[in-house]
Amino acid sequence: MLLIQNLHTDKEAIKLRLAKRGTDFSALIDHAIALDNQRKEIQTQLDDILAQSNQLAKSIGQLFAQKKIEEATLLKSETGNLKEQSSALNEALKSKEKELLEVLYQIPNSPNSRVPEGKSEADNTTVSNHGEKPILSQKLPHWELCEKYNLIDFELGVKITGAGFPVYRGKGARLQRALINWFLDKARDAGYEEIQPPILVNEASGHGTGQLPDKEGQMYHMPIDNLYAIPTAEVPITNMYRDVILKEEDFPIKNCGYTPCFRREAGSYGKDVRGLNRLHQFDKVEIVQIQHPEKSYEALEEMSTYVQGLLQELGLPYRVLLLCGGDTGFASAMTYDMEVWSAAQERWLEVSSVSNFETFQANRLKLRYKSSSGKNQLAHTLNGSALALPRIVASILENNQTAEGIIIPQVLRPYCGFDIIN
RNA sequence: GGAGAAGUGGCAGAGUGGUCGAAUGCACCAGUCUUGAAAACUGGCGUACUGAGAGGUACCGGGGGUUCGAAUCCCUCCUUCUCCGCCA
């Protein structure tokens with residue numbers, strides 16, 4: 001959520017930056033400012049009435065103490081009017097605040113100046129390309145390879161749960177475990193503290209990172225206890241810092257965590273959901289940083305470099321995209337996507353998204369730090385996948401297929417305990 | 001799941017309807033003293049909204065209520081502790 005104070009002071013600049021998303025948010029911003037001005041006015045009136053009430057109550061108290069019952073009773077009769085006014089104003093204030101919040105919830109983060117203008121993924125900038133696309137004699141898509149080598153059983157998952165809940169078995173399961181462990185070890189080496197968070201979160205956490213209220217339909221919800229299955233470890237890990245005031249020397253905070261992730265993916269169809277391309281349950285190692293505002297873009301680059309290092313070690317051809325305004329996530333100010341080449345599908349698959357949210361999340365989270373001047377200021381939050389498993393697996397299987405079997409990347413062999421799937 | 005007790009500032013802890021945003025102690029910050037430190041002394045020491053400022057308002061686990069007035073009374077939810085039950 002954008003800061004209403006910033007909308008007051010930087011209105012035009014923010015409008016200009018938001019325009020890069022390809023949608024005009026001017027009207028919403030003007031509306032928000034108008035609502036906030038109305039809110040302030042009501043607030044001032046209410047404060048004034050409450051001040052009068054408090055004064056009166058104090059006087060009544062004193063009169064009672066002095067046993068001046070009659071005078072006190074007289075004053076009491078004056079309070080009715082004030083009470084009516086204050087409860088009316090209070091209601092007006094609450095509804096105005098709610099109205100304002102609803103408008104603010106609709107305004108996405110304002111993109112960083114380096115973010116290119118554009119409406120859709122077609123307008124993303126390719127920052128770099130790495131590695132060679134393999135030339136294969138046989139090109140089986142990963143879902144056929146999974147069946148051939150009995151690695152992942154999609155239909156068994158349908159039987160047990162439903163589409164998008166695959167069953168990993170044998171070397172398929174071991175490869176999963178190997179990837180998770182390798183990712184976590186690499187993250188730890190890079191200075192990230194390993195976290196094992198809960199994978200069910202409460203409503204407050206959903207609001208903290210912005211999944212609620214707008215993306216409610218994308219999460220699995222357990223109404224009996226009003227808990228949500230996390231769509232990413234970002235939710236529980238970032239929420240560790242909800243309502244926290246950090247010291248400046250606490251920066252940077254670097255956390256990583258492996259969790260299963262659950263996404264309803266309502267509305268997806270076709271080739272996008274084939275095989276491992278899009279699942280309802282998948283595994284991911286996430287990296288999260290809480291940073292000083294002056295250091296957050298440095299951190300973004302560092303995280304991008306880190307993720308690319310993983311892809312290089314896995315030997316997967318990949319490209320880095322700087323997302324355009326329209327494709328940048330709602331809460332993000334700037335996002336790099338890493339996509340790996342899927343040799344049999346002959347398409348790029350997104351395996352990581354590294355974003356700087358600046359204060360957008362911190363504002364909702366009330367995640368602040370005490371600056372050297374002693375003032376509490378919002379921190380910056382960043383996160384990225386490092387990495388999401390399914391598409392990495394798809395890419396390894398497809399790119400490394402040979403007549404003899406699927407060659408396991410060197411770095412994973414000690415973790416897998418085998419070097420080929422055949 | 002059942003029964004009981006409790007939740008107050010960074011921590012400890014007083015406060016059971018009226019000058020209480022909250023005593024006191026510890027911690028912390030600044031100053032005095034000291035070559036320096038410690039001790040002692042003096043002062044400061046929560047967050048948010050609002051206002052140019054003085055100030056005003058809200059917050060004593062969350063929400064709601066009673067009252068002229070609530071940390072204090074009532075309802076409800078959450079959390080913690082003790083006992084019982086169940087259980088990886």
# chains A, B, ... in the order shown; residues from 1 in each chain; ligands from 1
>>> interface_residues(of="chain A", to="chain B", cutoff="12 Å", atoms="only C-alpha atoms (C1' of nucleotides)", output="number ranges by chain")
A: 5, 36-37, 39-66, 72-83, 90, 97, 202, 204, 243-245, 366, 368, 374-376
>>> residues_around(residues="region 2-4 of chain B", least_positions_apart="6", cutoff="9 Å", atoms="only C-alpha atoms (C1' of nucleotides)", output="list of chain:residue names")
B:U82, B:C83, B:C84, B:G85
>>> write_last_selection(atoms="all heavy atoms", output="CSV table (one decimal), in the first residue's frame")
chain,number,residue,atom,x,y,z
B,82,U,P,2.9,-24.6,33.0
B,82,U,OP1,4.2,-25.1,33.4
B,82,U,OP2,2.3,-25.0,31.7
B,82,U,O5',1.8,-24.8,34.1
B,82,U,C5',2.1,-24.6,35.5
B,82,U,C4',0.9,-24.9,36.3
B,82,U,O4',-0.2,-24.0,36.0
B,82,U,C3',0.2,-26.3,36.0
B,82,U,O3',0.9,-27.3,36.7
B,82,U,C2',-1.2,-26.1,36.5
B,82,U,O2',-1.2,-26.2,37.9
B,82,U,C1',-1.5,-24.7,36.1
B,82,U,N1,-2.2,-24.6,34.8
B,82,U,C2,-3.5,-24.8,34.8
B,82,U,O2,-4.2,-25.0,35.8
B,82,U,N3,-4.1,-24.8,33.5
B,82,U,C4,-3.5,-24.5,32.3
B,82,U,O4,-4.1,-24.5,31.3
B,82,U,C5,-2.1,-24.4,32.4
B,82,U,C6,-1.5,-24.4,33.6
B,83,C,P,1.0,-28.8,36.1
B,83,C,OP1,2.0,-29.6,36.9
B,83,C,OP2,1.2,-28.7,34.6
B,83,C,O5',-0.5,-29.3,36.3
B,83,C,C5',-0.9,-29.7,37.6
B,83,C,C4',-2.4,-30.0,37.6
B,83,C,O4',-3.1,-28.8,37.1
B,83,C,C3',-2.8,-31.1,36.7
B,83,C,O3',-2.6,-32.4,37.2
B,83,C,C2',-4.3,-30.8,36.5
B,83,C,O2',-5.0,-31.2,37.7
B,83,C,C1',-4.3,-29.3,36.5
B,83,C,N1,-4.3,-28.8,35.1
B,83,C,C2,-5.5,-28.8,34.3
B,83,C,O2,-6.5,-29.1,34.9
B,83,C,N3,-5.5,-28.4,33.1
B,83,C,C4,-4.3,-28.0,32.5
B,83,C,N4,-4.4,-27.6,31.2
B,83,C,C5,-3.1,-28.0,33.2
B,83,C,C6,-3.1,-28.4,34.4
B,84,C,P,-2.2,-33.6,36.2
B,84,C,OP1,-1.8,-34.8,37.0
B,84,C,OP2,-1.3,-33.1,35.1
B,84,C,O5',-3.6,-33.9,35.5
B,84,C,C5',-4.7,-34.5,36.2
B,84,C,C4',-6.0,-34.5,35.4
B,84,C,O4',-6.3,-33.1,35.0
B,84,C,C3',-5.9,-35.3,34.1
B,84,C,O3',-6.0,-36.7,34.3
B,84,C,C2',-7.1,-34.7,33.4
B,84,C,O2',-8.3,-35.2,33.9
B,84,C,C1',-7.0,-33.2,33.7
B,84,C,N1,-6.3,-32.4,32.7
B,84,C,C2,-7.0,-32.1,31.5
B,84,C,O2,-8.2,-32.5,31.4
B,84,C,N3,-6.3,-31.4,30.6
B,84,C,C4,-5.1,-31.1,30.7
B,84,C,N4,-4.5,-30.4,29.7
B,84,C,C5,-4.3,-31.4,31.9
B,84,C,C6,-5.0,-32.1,32.8
B,85,G,P,-5.2,-37.6,33.2
B,85,G,OP1,-5.4,-39.0,33.6
B,85,G,OP2,-3.9,-37.1,32.9
B,85,G,O5',-6.1,-37.4,31.9
B,85,G,C5',-7.4,-37.9,31.8
B,85,G,C4',-8.0,-37.5,30.5
B,85,G,O4',-8.0,-36.1,30.4
B,85,G,C3',-7.3,-38.0,29.2
B,85,G,O3',-7.6,-39.3,28.9
B,85,G,C2',-7.8,-37.0,28.2
B,85,G,O2',-9.1,-37.3,27.7
B,85,G,C1',-7.9,-35.7,29.0
B,85,G,N9,-6.6,-34.9,28.9
B,85,G,C8,-5.6,-34.8,29.8
B,85,G,N7,-4.6,-34.0,29.3
B,85,G,C5,-5.1,-33.6,28.0
B,85,G,C6,-4.4,-32.8,27.1
B,85,G,O6,-3.4,-32.2,27.2
B,85,G,N1,-5.2,-32.7,25.9
B,85,G,C2,-6.4,-33.3,25.7
B,85,G,N2,-7.0,-33.0,24.6
B,85,G,N3,-7.0,-34.0,26.6
B,85,G,C4,-6.3,-34.2,27.8
>>> atom_distance(atom1="CA of Tyr318 (chain A)", atom2="CA of Ile135 (chain A)")
15.2 Å
>>> atom_distance(atom1="C1' of C26 (chain B)", atom2="CA of Phe251 (chain A)")
28.3 Å
>>> residues_around(residues="Ile14 (chain A)", least_positions_apart="4", cutoff="7 Å", atoms="only C-alpha atoms (C1' of nucleotides)", output="count of residues only")
3
>>> residues_around(residues="region 297-304 of chain A", least_positions_apart="3", cutoff="12 Å", atoms="only C-alpha atoms (C1' of nucleotides)", output="number ranges by chain")
A: 112-114, 127-128, 187, 190-192, 251-256, 286-294, 307-311, 319-322, 332-338, 352-358, 380-387
>>> residues_around(residues="Glu147 (chain A)", least_positions_apart="5", cutoff="12 Å", atoms="only C-alpha atoms (C1' of nucleotides)", output="list of chain:residue names")
A:Leu140, A:Pro141, A:His142, A:Ile152, A:Asp153, A:Phe154, A:Glu155, A:Leu156, A:Pro166, A:Val167, A:Tyr168, A:Arg169, A:Gly170, A:Gly172, A:Gly275, A:Leu397, A:Asn422
>>> write_last_selection(atoms="C-alpha atoms", output="PDB file, in the first residue's frame")
ATOM      1  CA  LEU A 140      10.508 -35.662 -25.021  1.00  0.00           C
ATOM      2  CA  PRO A 141       8.575 -33.157 -22.902  1.00  0.00           C
ATOM      3  CA  HIS A 142       9.141 -33.607 -19.199  1.00  0.00           C
ATOM      4  CA  ILE A 152       6.372 -38.173 -11.147  1.00  0.00           C
ATOM      5  CA  ASP A 153       2.872 -39.584 -11.322  1.00  0.00           C
ATOM      6  CA  PHE A 154       0.402 -36.861 -12.163  1.00  0.00           C
ATOM      7  CA  GLU A 155      -2.622 -39.121 -12.409  1.00  0.00           C
ATOM      8  CA  LEU A 156      -1.998 -40.696  -9.050  1.00  0.00           C
ATOM      9  CA  PRO A 166       1.665 -34.581  -8.410  1.00  0.00           C
ATOM     10  CA  VAL A 167       3.160 -37.596  -6.680  1.00  0.00           C
ATOM     11  CA  TYR A 168       6.963 -37.680  -6.835  1.00  0.00           C
ATOM     12  CA  ARG A 169       8.511 -41.090  -6.477  1.00  0.00           C
ATOM     13  CA  GLY A 170      11.827 -42.882  -6.549  1.00  0.00           C
ATOM     14  CA  GLY A 172      11.938 -38.115  -8.859  1.00  0.00           C
ATOM     15  CA  GLY A 275       2.984 -31.345 -16.453  1.00  0.00           C
ATOM     16  CA  LEU A 397      14.780 -33.364 -17.345  1.00  0.00           C
ATOM     17  CA  ASN A 422      17.683 -44.328 -16.576  1.00  0.00           C
TER      18      ASN A 422
END
>>> select_by_dssp(residues="region 50-278 of chain A", states="helix (DSSP H, G or I)", output="count of residues only")
111
>>> select_by_dssp(residues="region 152-339 of chain A", states="strand (DSSP E or B)", output="PyMOL selection string")
chain A and resi 152-153+167-168+193-195+200-201+221-222+227-229+245-247+253-262+281-291+318-322+334-339
>>> atom_distance(atom1="CA of Glu339 (chain A)", atom2="CA of Val351 (chain A)")
5.6 Å
>>> residues_around(residues="G43 (chain B)", least_positions_apart="4", cutoff="12 Å", atoms="only C-alpha atoms (C1' of nucleotides)", output="number ranges by chain")
B: 29-32
>>> residues_around(residues="region 237-242 of chain A", least_positions_apart="3", cutoff="6 Å", atoms="only C-alpha atoms (C1' of nucleotides)", output="NGL selection string")
:A and (205 or 234 or 365-367)
>>> write_last_selection(atoms="C-alpha atoms", output="mmCIF file, in the first residue's frame")
data_model
loop_
_atom_site.group_PDB
_atom_site.id
_atom_site.type_symbol
_atom_site.label_atom_id
_atom_site.label_comp_id
_atom_site.auth_asym_id
_atom_site.auth_seq_id
_atom_site.Cartn_x
_atom_site.Cartn_y
_atom_site.Cartn_z
ATOM 1 C CA SER A 205 -0.444 -12.217 7.926
ATOM 2 C CA GLU A 234 7.386 -14.865 1.554
ATOM 3 C CA LEU A 365 3.300 -4.585 7.938
ATOM 4 C CA LYS A 366 4.291 -1.571 10.026
ATOM 5 C CA LEU A 367 7.859 -2.740 9.617
#
